[in-house]
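J.: Mind having a look at this structure? Questions to follow.
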Amino acid sequence: MRKKSNILKTLFGIVLLVFLLAACNTNDDGATKDTSDGSDSSGNEAASDIEVVFIPKMTGNAFFESGNNGAQAMAEEIGFEVKYDGTPEGTVANQVQIINSAVSSGADAIAISSVTSDGLNQALQNALDAGVKVVTWDSDVDPEYRTVYINQGTPEILGAMLVDMAAEQMDDPNAEQQVAWFYSSPTVPDQNSWVDYAETYIAEKYPNWEMVTKQFGEGDEQLSLQIGESIIDSYPDLDAVIAPDSTALPAMAQAAENKGLTAEDLIITGFASPNSMRQFIENGTILNHGLWDVTDQGALAVYIAYYLAQGNELKVGDTVDVPNIGEVTVEPNSVQGYDYEAEDSGIIVLPERIVFTKDNTNDFDF
Amino acid sequence: MLGKIPKWNLMLGFILITEIIIFGLINPRFLNITILLNSFNDFIGIAIIAFFVTFVVITGGIDISGGAIIGLTSVVIGILSQVIGINIWISIILAILVGGLCGLLNGMLIAYGRVQAMVITLGGMLLYSGVAIVFVGLSGVSTYEGISGFPQQFSNIAYGKLLGIPHSVLLFFIMFAIAYVLLYWTRYGRYIYLTGINQRAAEYAGINTKKIITSTYVLSGLSAGVAGVMLTSYLGSSRADFGAEYLMPILTVVVLGGTLITGGKGGVVGTALASIIVGFLQIGLQMGGVSTQYIGLSTGLLLIISAAFLGISADFKSSIKRIISPQKNSA
């Protein structure tokens with residue numbers, strides 16, 4: 001029995017050690033947290049007190065990691081804290097848990113890319129009640145539950161961009177063309193809003209285009225590849241596929257490559273990160289695709305969160321001067337097609353989007 | 001008095017208190033009782049399934065289908081109440097029963113078909129989550145989005161409070177009490193232990209071990225159903241992928257609670273303490289500034305250390321017995 005209690009002690013010692021190690025991690029910021037409150041917006045002393053929790057849909061995905069790179073760089077430059085907190089599985093339960101713990105641990109603001117349009121409402125309401133500022137980026141929530149949405153582009157901008165990227169590759173965009181849509185799901189809000197606008201834009205500008213099908217890959221790589229191949233098989237006269245989804249576009253390009261098609265045979269374009277599409281641009285499967293600079297989006301999201309946490313208010317129509325990015329304006333929720341309007345709820349649209357081609361794809365790393 | 005409490009539970013209690021003190025020192029907000037009570041919402045699902053998986057493990061089996069049953073229950077609630085339009089409370093009861101049915105299927109195959117529990121529940125896990133996805137597909141909702149639009153009274157299940165205590169904490173203790181009474185105060189509980197210690201001996205003693213084994217899987221399925229209701233209410237929508245990440249936490253909590261994975265030994269008190277320890281560990285580390293994706297590391301350490309310790313202590317006991325018992329015999 002004596003020996004057993006020795007082991008008990010050793011074990012307990014190890015557990016203690018584990019906890020102590022965990023504690024070491026944050027002793028430093030604990031020490032700098034003093035009582036000064038965030039309303040003093042001029043000094044760096046106040047800045048170092050502010051902690052923004054930056055939440056991706058999931059960790060380990062190139063898109064979100066790049067967003068975090070931008071967020072961390074911004075935090076370092078201005079001198080506030082950004083904690084990148086997500087889980088490899090982008091589930092609603094995990095995001096709710098992360099929001100709750102951010103609130104409990106006394107974070108000043110959160111910047112989140114939501115995996116769901118309504119599953120976070122209650123958790124975000126708790127955050128707002130606790131005085132935590134809420135900013136969304138990339139993927140929005142119900143506008144009631146956040147102050148600012150850092151938008152990659154309104155449906156008008158992105159819808160037109162998609163159509164133009166396809167049109168500029170056609171010999172004669174005004175002739176009859178068969179076009180297919182391929183993205184993640186029939187209910188996902190952002191992609192559907194782009195496609196809806198793109199269709200009205202096509203009806204006005206290229207009335208001869210025919211929309212032959214809409215296919216959905218559910219964000220699943222394997223399923224997307226199968227669907228990509230079946231699109232090619234089912235529509236032999238197809239001229240273009242537009243895939244505004246970061247899973248659907250690489251899968252579509254892969255399907256075309258597997259079937260031996262090049263950009264001459266079938267135009268493929270859409271939204272995905274340059275790292276995931278570079279090989280297809282270089283081997284001639286596609287000519288162009290677009291996206292916004294997600295490092296800028298991450299940086300802007302945490303800066304706005306930090307700005308709000310300092311005690312500044314942002315109302316619709318206000319402008320903010322953001323280091324390295326320039327002046328941005330808070331626009332009303334209606335630019336994204338929302339009905340909810342309030343003074344303290346708006347949208348900031350990223351200043352620019354990028355079309356990637358053979359010439360510039362190597363200039364980007366995200 | 002203290003001598004009556006098993007050493008391992010004492011140890012867990014000790015870890016829990018140390019944990020609270022240390023995290024309290026790192027971030028004083030951790031000691032805020034409201035925060036601690038509200039955090040129950042984040043591990044209630046794991047805890048209540050683990051209570052009854054403990055039963056299964058004591059009989060010498062294992063149930064890894066709990067997480068998938070959560071997803072299925074969640075989808076069933078969503079479809080019954082939102083798509084078909086049945087009263088929400090009836091939907092909840094039906095959904096929990098579906099969980100029980102899944103458990104019954106597991107249990108029948110394991111006890112009467114004499115197939116290994118791991119194989120059946122692995123198959124069950126894939127089957128139930130597959131069925132959940134098919135259900136969502138049939139209802140015309142995208143699996144990507146889930147079914148939402150539940151009434152306020154439904155979200156009160158998870159967010160409501162009774163006398164200032166969150167419902168999740170109450171549910172934790174209610175489920176714990178049920179498990180405790182079943183396991184320690186009834187003949188049924190003793191049969192569970194006997195089945196786990198030696199199924200054949202229990203059989204000769206007149207215990208219908210097949211029935212006992214099946215019933216533990218039914219209980220585990222029902223508890224997964226309850227967890228599914230809770231999680232659906234907590235997250236405000238029903239999705240097929242709910243609970244998918246619960247598999248390992250459930251087993252972690254059972255093993256950390258001191259239940260022998262080979263059966264015959266263990267208890268729900270340990271499981272309850274372990275689930276609180278693991279739940280608080282996650283919140284405490286997050287509040288201490290550790291990124292969520294690294295928290296698995298500390299849970300893993302805790303589990304390996306405890307499992308190793310349990311193994312060692314069992315060896316010790318037998319070797320000590322070996323040394324002592326011959327002397328007793330000769331005396």
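Every chain in the structure tokens has a letter given in the order shown (A, B, ...), and although residue numbers restart at 1 in each chain, ligands are simply numbered from 1 in the order shown.
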Do you know which residues are at most 9 Å from Asn68 of chain A counting only C-alpha atoms, after dropping those on the same chain fewer than 4 positions away, and could you put them as a tab-separated table (two decimals) with N, CA and C atoms, in the first residue's frame?
T.:
```
chain	number	residue	atom	x	y	z
A	54	PHE	N	-9.95	35.40	-32.84
A	54	PHE	CA	-10.17	35.29	-34.28
A	54	PHE	C	-10.55	33.84	-34.59
A	55	ILE	N	-11.79	33.62	-35.02
A	55	ILE	CA	-12.32	32.26	-35.13
A	55	ILE	C	-12.56	31.90	-36.60
A	56	PRO	N	-11.87	30.88	-37.10
A	56	PRO	CA	-12.10	30.43	-38.47
A	56	PRO	C	-13.23	29.41	-38.51
A	63	PHE	N	-7.12	28.48	-46.67
A	63	PHE	CA	-7.82	29.76	-46.73
A	63	PHE	C	-7.83	30.45	-45.35
A	64	PHE	N	-8.22	29.69	-44.32
A	64	PHE	CA	-8.35	30.30	-43.00
A	64	PHE	C	-7.00	30.55	-42.36
A	72	GLN	N	-2.68	38.10	-37.57
A	72	GLN	CA	-1.56	38.17	-36.63
A	72	GLN	C	-0.62	39.32	-37.00
A	73	ALA	N	-0.39	39.51	-38.32
A	73	ALA	CA	0.50	40.58	-38.74
A	73	ALA	C	-0.06	41.94	-38.31
A	84	TYR	N	-5.93	33.02	-32.12
A	84	TYR	CA	-6.54	32.24	-33.20
A	84	TYR	C	-7.13	30.99	-32.57
A	294	VAL	N	-7.50	37.09	-48.81
A	294	VAL	CA	-8.02	36.70	-47.49
A	294	VAL	C	-7.09	37.17	-46.37
A	295	THR	N	-5.81	37.41	-46.68
A	295	THR	CA	-4.94	37.95	-45.62
A	295	THR	C	-5.40	39.37	-45.25
A	298	GLY	N	-8.62	39.00	-43.13
A	298	GLY	CA	-8.32	38.68	-41.74
A	298	GLY	C	-7.81	39.89	-40.99
A	299	ALA	N	-6.89	40.63	-41.63
A	299	ALA	CA	-6.31	41.81	-40.99
A	299	ALA	C	-7.39	42.85	-40.71
```
J.: Using only C-alpha atoms, which residues sit within 9 Å of Asn9 of chain B once same-chain residues fewer than 4 positions away are excluded, as a list in words?
T.: Ile5, Gly13, Phe14, Gly257, Gly258, Val269, Gly270, Leu273 and Ala274 of chain B
J.: Could you write out, as an mmCIF file with C-alpha atoms, in the first residue's frame, all the residues of segment 100-192 of chain B that DSSP marks as alpha helix (DSSP H)?
T.:
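The resulting file, result.cif, is shown below:
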```
data_model
loop_
_atom_site.group_PDB
_atom_site.id
_atom_site.type_symbol
_atom_site.label_atom_id
_atom_site.label_comp_id
_atom_site.auth_asym_id
_atom_site.auth_seq_id
_atom_site.Cartn_x
_atom_site.Cartn_y
_atom_site.Cartn_z
ATOM 1 C CA GLY B 100 -33.171 3.571 -27.530
ATOM 2 C CA LEU B 101 -34.066 1.487 -30.585
ATOM 3 C CA CYS B 102 -30.576 1.991 -32.015
ATOM 4 C CA GLY B 103 -29.197 0.785 -28.684
ATOM 5 C CA LEU B 104 -31.572 -2.196 -28.734
ATOM 6 C CA LEU B 105 -30.320 -3.191 -32.178
ATOM 7 C CA ASN B 106 -26.713 -2.935 -30.984
ATOM 8 C CA GLY B 107 -27.448 -4.895 -27.840
ATOM 9 C CA MET B 108 -29.449 -7.699 -29.502
ATOM 10 C CA LEU B 109 -26.719 -8.311 -32.062
ATOM 11 C CA ILE B 110 -23.996 -8.259 -29.437
ATOM 12 C CA ALA B 111 -25.688 -10.338 -26.747
ATOM 13 C CA ALA B 117 -19.216 -5.228 -29.345
ATOM 14 C CA MET B 118 -16.601 -3.113 -31.096
ATOM 15 C CA VAL B 119 -17.579 -4.480 -34.508
ATOM 16 C CA ILE B 120 -21.315 -4.035 -34.016
ATOM 17 C CA THR B 121 -21.157 -0.552 -32.569
ATOM 18 C CA LEU B 122 -18.654 0.530 -35.201
ATOM 19 C CA GLY B 123 -21.110 -0.662 -37.823
ATOM 20 C CA GLY B 124 -23.905 1.001 -35.855
ATOM 21 C CA MET B 125 -21.996 4.254 -35.780
ATOM 22 C CA LEU B 126 -21.641 4.286 -39.570
ATOM 23 C CA LEU B 127 -25.202 3.065 -40.078
ATOM 24 C CA TYR B 128 -26.897 5.613 -37.811
ATOM 25 C CA SER B 129 -24.980 8.602 -39.111
ATOM 26 C CA GLY B 130 -25.686 7.377 -42.638
ATOM 27 C CA VAL B 131 -29.397 7.066 -41.868
ATOM 28 C CA ALA B 132 -29.348 10.563 -40.388
ATOM 29 C CA ILE B 133 -27.858 11.997 -43.583
ATOM 30 C CA VAL B 134 -30.393 10.113 -45.721
ATOM 31 C CA PHE B 135 -33.254 11.431 -43.564
ATOM 32 C CA VAL B 136 -32.024 14.984 -44.003
ATOM 33 C CA GLY B 137 -31.718 14.406 -47.736
ATOM 34 C CA LEU B 138 -35.256 13.000 -47.961
ATOM 35 C CA GLN B 152 -38.490 29.375 -28.019
ATOM 36 C CA GLN B 153 -39.689 26.793 -25.497
ATOM 37 C CA PHE B 154 -37.436 24.255 -27.184
ATOM 38 C CA SER B 155 -34.316 26.373 -26.856
ATOM 39 C CA ASN B 156 -35.259 26.876 -23.198
ATOM 40 C CA ILE B 157 -34.386 23.239 -22.603
ATOM 41 C CA ALA B 158 -30.717 24.079 -22.855
ATOM 42 C CA TYR B 159 -30.702 27.766 -22.009
ATOM 43 C CA HIS B 167 -30.963 23.161 -16.862
ATOM 44 C CA SER B 168 -27.855 21.416 -18.119
ATOM 45 C CA VAL B 169 -26.485 21.191 -14.582
ATOM 46 C CA LEU B 170 -29.809 19.818 -13.336
ATOM 47 C CA LEU B 171 -29.910 17.281 -16.143
ATOM 48 C CA PHE B 172 -26.358 16.260 -15.337
ATOM 49 C CA PHE B 173 -27.333 15.465 -11.759
ATOM 50 C CA ILE B 174 -30.654 13.834 -12.678
ATOM 51 C CA MET B 175 -28.963 11.492 -15.138
ATOM 52 C CA PHE B 176 -26.203 10.869 -12.646
ATOM 53 C CA ALA B 177 -28.742 10.017 -9.949
ATOM 54 C CA ILE B 178 -30.547 7.592 -12.259
ATOM 55 C CA ALA B 179 -27.294 5.893 -13.183
ATOM 56 C CA TYR B 180 -26.142 5.816 -9.566
ATOM 57 C CA ARG B 187 -30.191 -5.963 -8.047
ATOM 58 C CA TYR B 188 -29.891 -4.993 -11.705
ATOM 59 C CA GLY B 189 -26.732 -3.019 -10.908
ATOM 60 C CA ARG B 190 -25.179 -5.993 -9.129
ATOM 61 C CA TYR B 191 -26.014 -8.218 -12.097
ATOM 62 C CA ILE B 192 -24.195 -5.791 -14.376
#
```
J.: Which residues are near segment 194-198 of chain B? Cut-off 12 Å, only C-alpha atoms, ignore same chain within fewer than 2 positions. Put them as an NGL selection string.
T.: :B and (54-62 or 111 or 183 or 187-192 or 200-214 or 216 or 259-266)
J.: Just the strand (DSSP E) stuff from segment 159-230 of chain B, please, per backbone DSSP, written as an MDAnalysis selection string.
T.: chainID B and resid 161:162 165:166
J.: What would the file look like if the residues just selected were written as a PDB file, in the first residue's frame with C-alpha atoms?
T.:
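For reference, out-v7.pdb as written:
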```pdb
ATOM      1  CA  LYS B 161     -32.611  28.095 -15.560  1.00  0.00           C
ATOM      2  CA  LEU B 162     -34.402  26.773 -12.515  1.00  0.00           C
ATOM      3  CA  ILE B 165     -29.216  26.791 -11.884  1.00  0.00           C
ATOM      4  CA  PRO B 166     -28.882  26.078 -15.618  1.00  0.00           C
TER       5      PRO B 166
END
```
J.: Using only C-alpha atoms and a cut-off of 7 Å, which residues of chain B sit close to chain A? Please list them as a PyMOL selection string.
T.: chain B and resi 26+29+35+42+142+144-145+235-237+283+286-289+291-293
J.: Under the rule that only C-alpha atoms are counted, which of A:Gln254, A:Gln297, A:Gln226, A:Thr154 is the nearest residue to Tyr197 of chain A?
T.: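 Looking at the shortest contact to Tyr197 of chain A, the residue is A:Thr154.
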J.: Within 7 Å of segment 242-253 of chain A, which residues of segment 144-198 of chain A show up? Give each one with its shortest atom-to-atom distance in Å (one decimal) and the two atoms involved, counting only C-alpha atoms, rows by chain then rising residue number, as a tab-separated table.
T.:
```
residue	atom	partner	partner_atom	distance
A:Ala180	CA	A:Ile242	CA	6.3
A:Trp181	CA	A:Ile242	CA	5.1
A:Phe182	CA	A:Ala243	CA	4.7
A:Tyr183	CA	A:Asp245	CA	5.1
A:Ser184	CA	A:Asp245	CA	6.3
A:Gln191	CA	A:Pro244	CA	6.7
```
J.: Emit the selected residues as a tab-separated table (two decimals), in the first residue's frame, including C-alpha atoms.
T.:
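Result saved to result-v6.tsv:
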```tsv
chain	number	residue	atom	x	y	z
A	180	ALA	CA	-23.30	25.36	-65.85
A	181	TRP	CA	-23.13	26.41	-62.20
A	182	PHE	CA	-21.30	24.27	-59.68
A	183	TYR	CA	-21.01	25.21	-56.01
A	184	SER	CA	-21.55	23.86	-52.51
A	191	GLN	CA	-22.82	31.57	-52.89
```
J.: So that I can see what lies close to Thr285 of chain A, please list as number ranges by chain the residues with an atom at most 7 Å from it, counting only C-alpha atoms and leaving out residues fewer than 5 positions away in the same chain.
T.: A: 253, 257, 261-263, 280
J.: Restricting it to C-alpha atoms, dump the selection as a PDB file, in the first residue's frame.
T.:
```pdb
ATOM      1  CA  ALA A 253     -10.581  21.517 -62.844  1.00  0.00           C
ATOM      2  CA  GLU A 257      -7.844  17.369 -66.420  1.00  0.00           C
ATOM      3  CA  LEU A 261      -9.883  18.769 -71.506  1.00  0.00           C
ATOM      4  CA  THR A 262      -8.106  22.125 -71.558  1.00  0.00           C
ATOM      5  CA  ALA A 263      -9.338  25.691 -71.348  1.00  0.00           C
ATOM      6  CA  PHE A 280      -4.314  23.906 -63.152  1.00  0.00           C
TER       7      PHE A 280
END
```
J.: Give me the residues within 8 Å of segment 344-350 of chain A as a ChimeraX atom specification, counting only C-alpha atoms and dropping any in the same chain fewer than 6 places off.
T.: /A:143-144,146-154,292,297,313-316,328-333,335
J.: Atom CA of Pro207 of chain A and atom CA of Ser234 of chain A, how far apart in Å?
T.: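 Between these atoms lies a distance of 23.3 Å.
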J.: So which residues touch Val163 of chain A within 12 Å, counting only C-alpha atoms, skipping near sequence neighbours fewer than 2 positions away, as a VMD selection string?
T.: chain A and resid 155 to 161 165 to 170 173 179 to 181 194 to 206 209 240 to 244 267 to 271 289 to 290
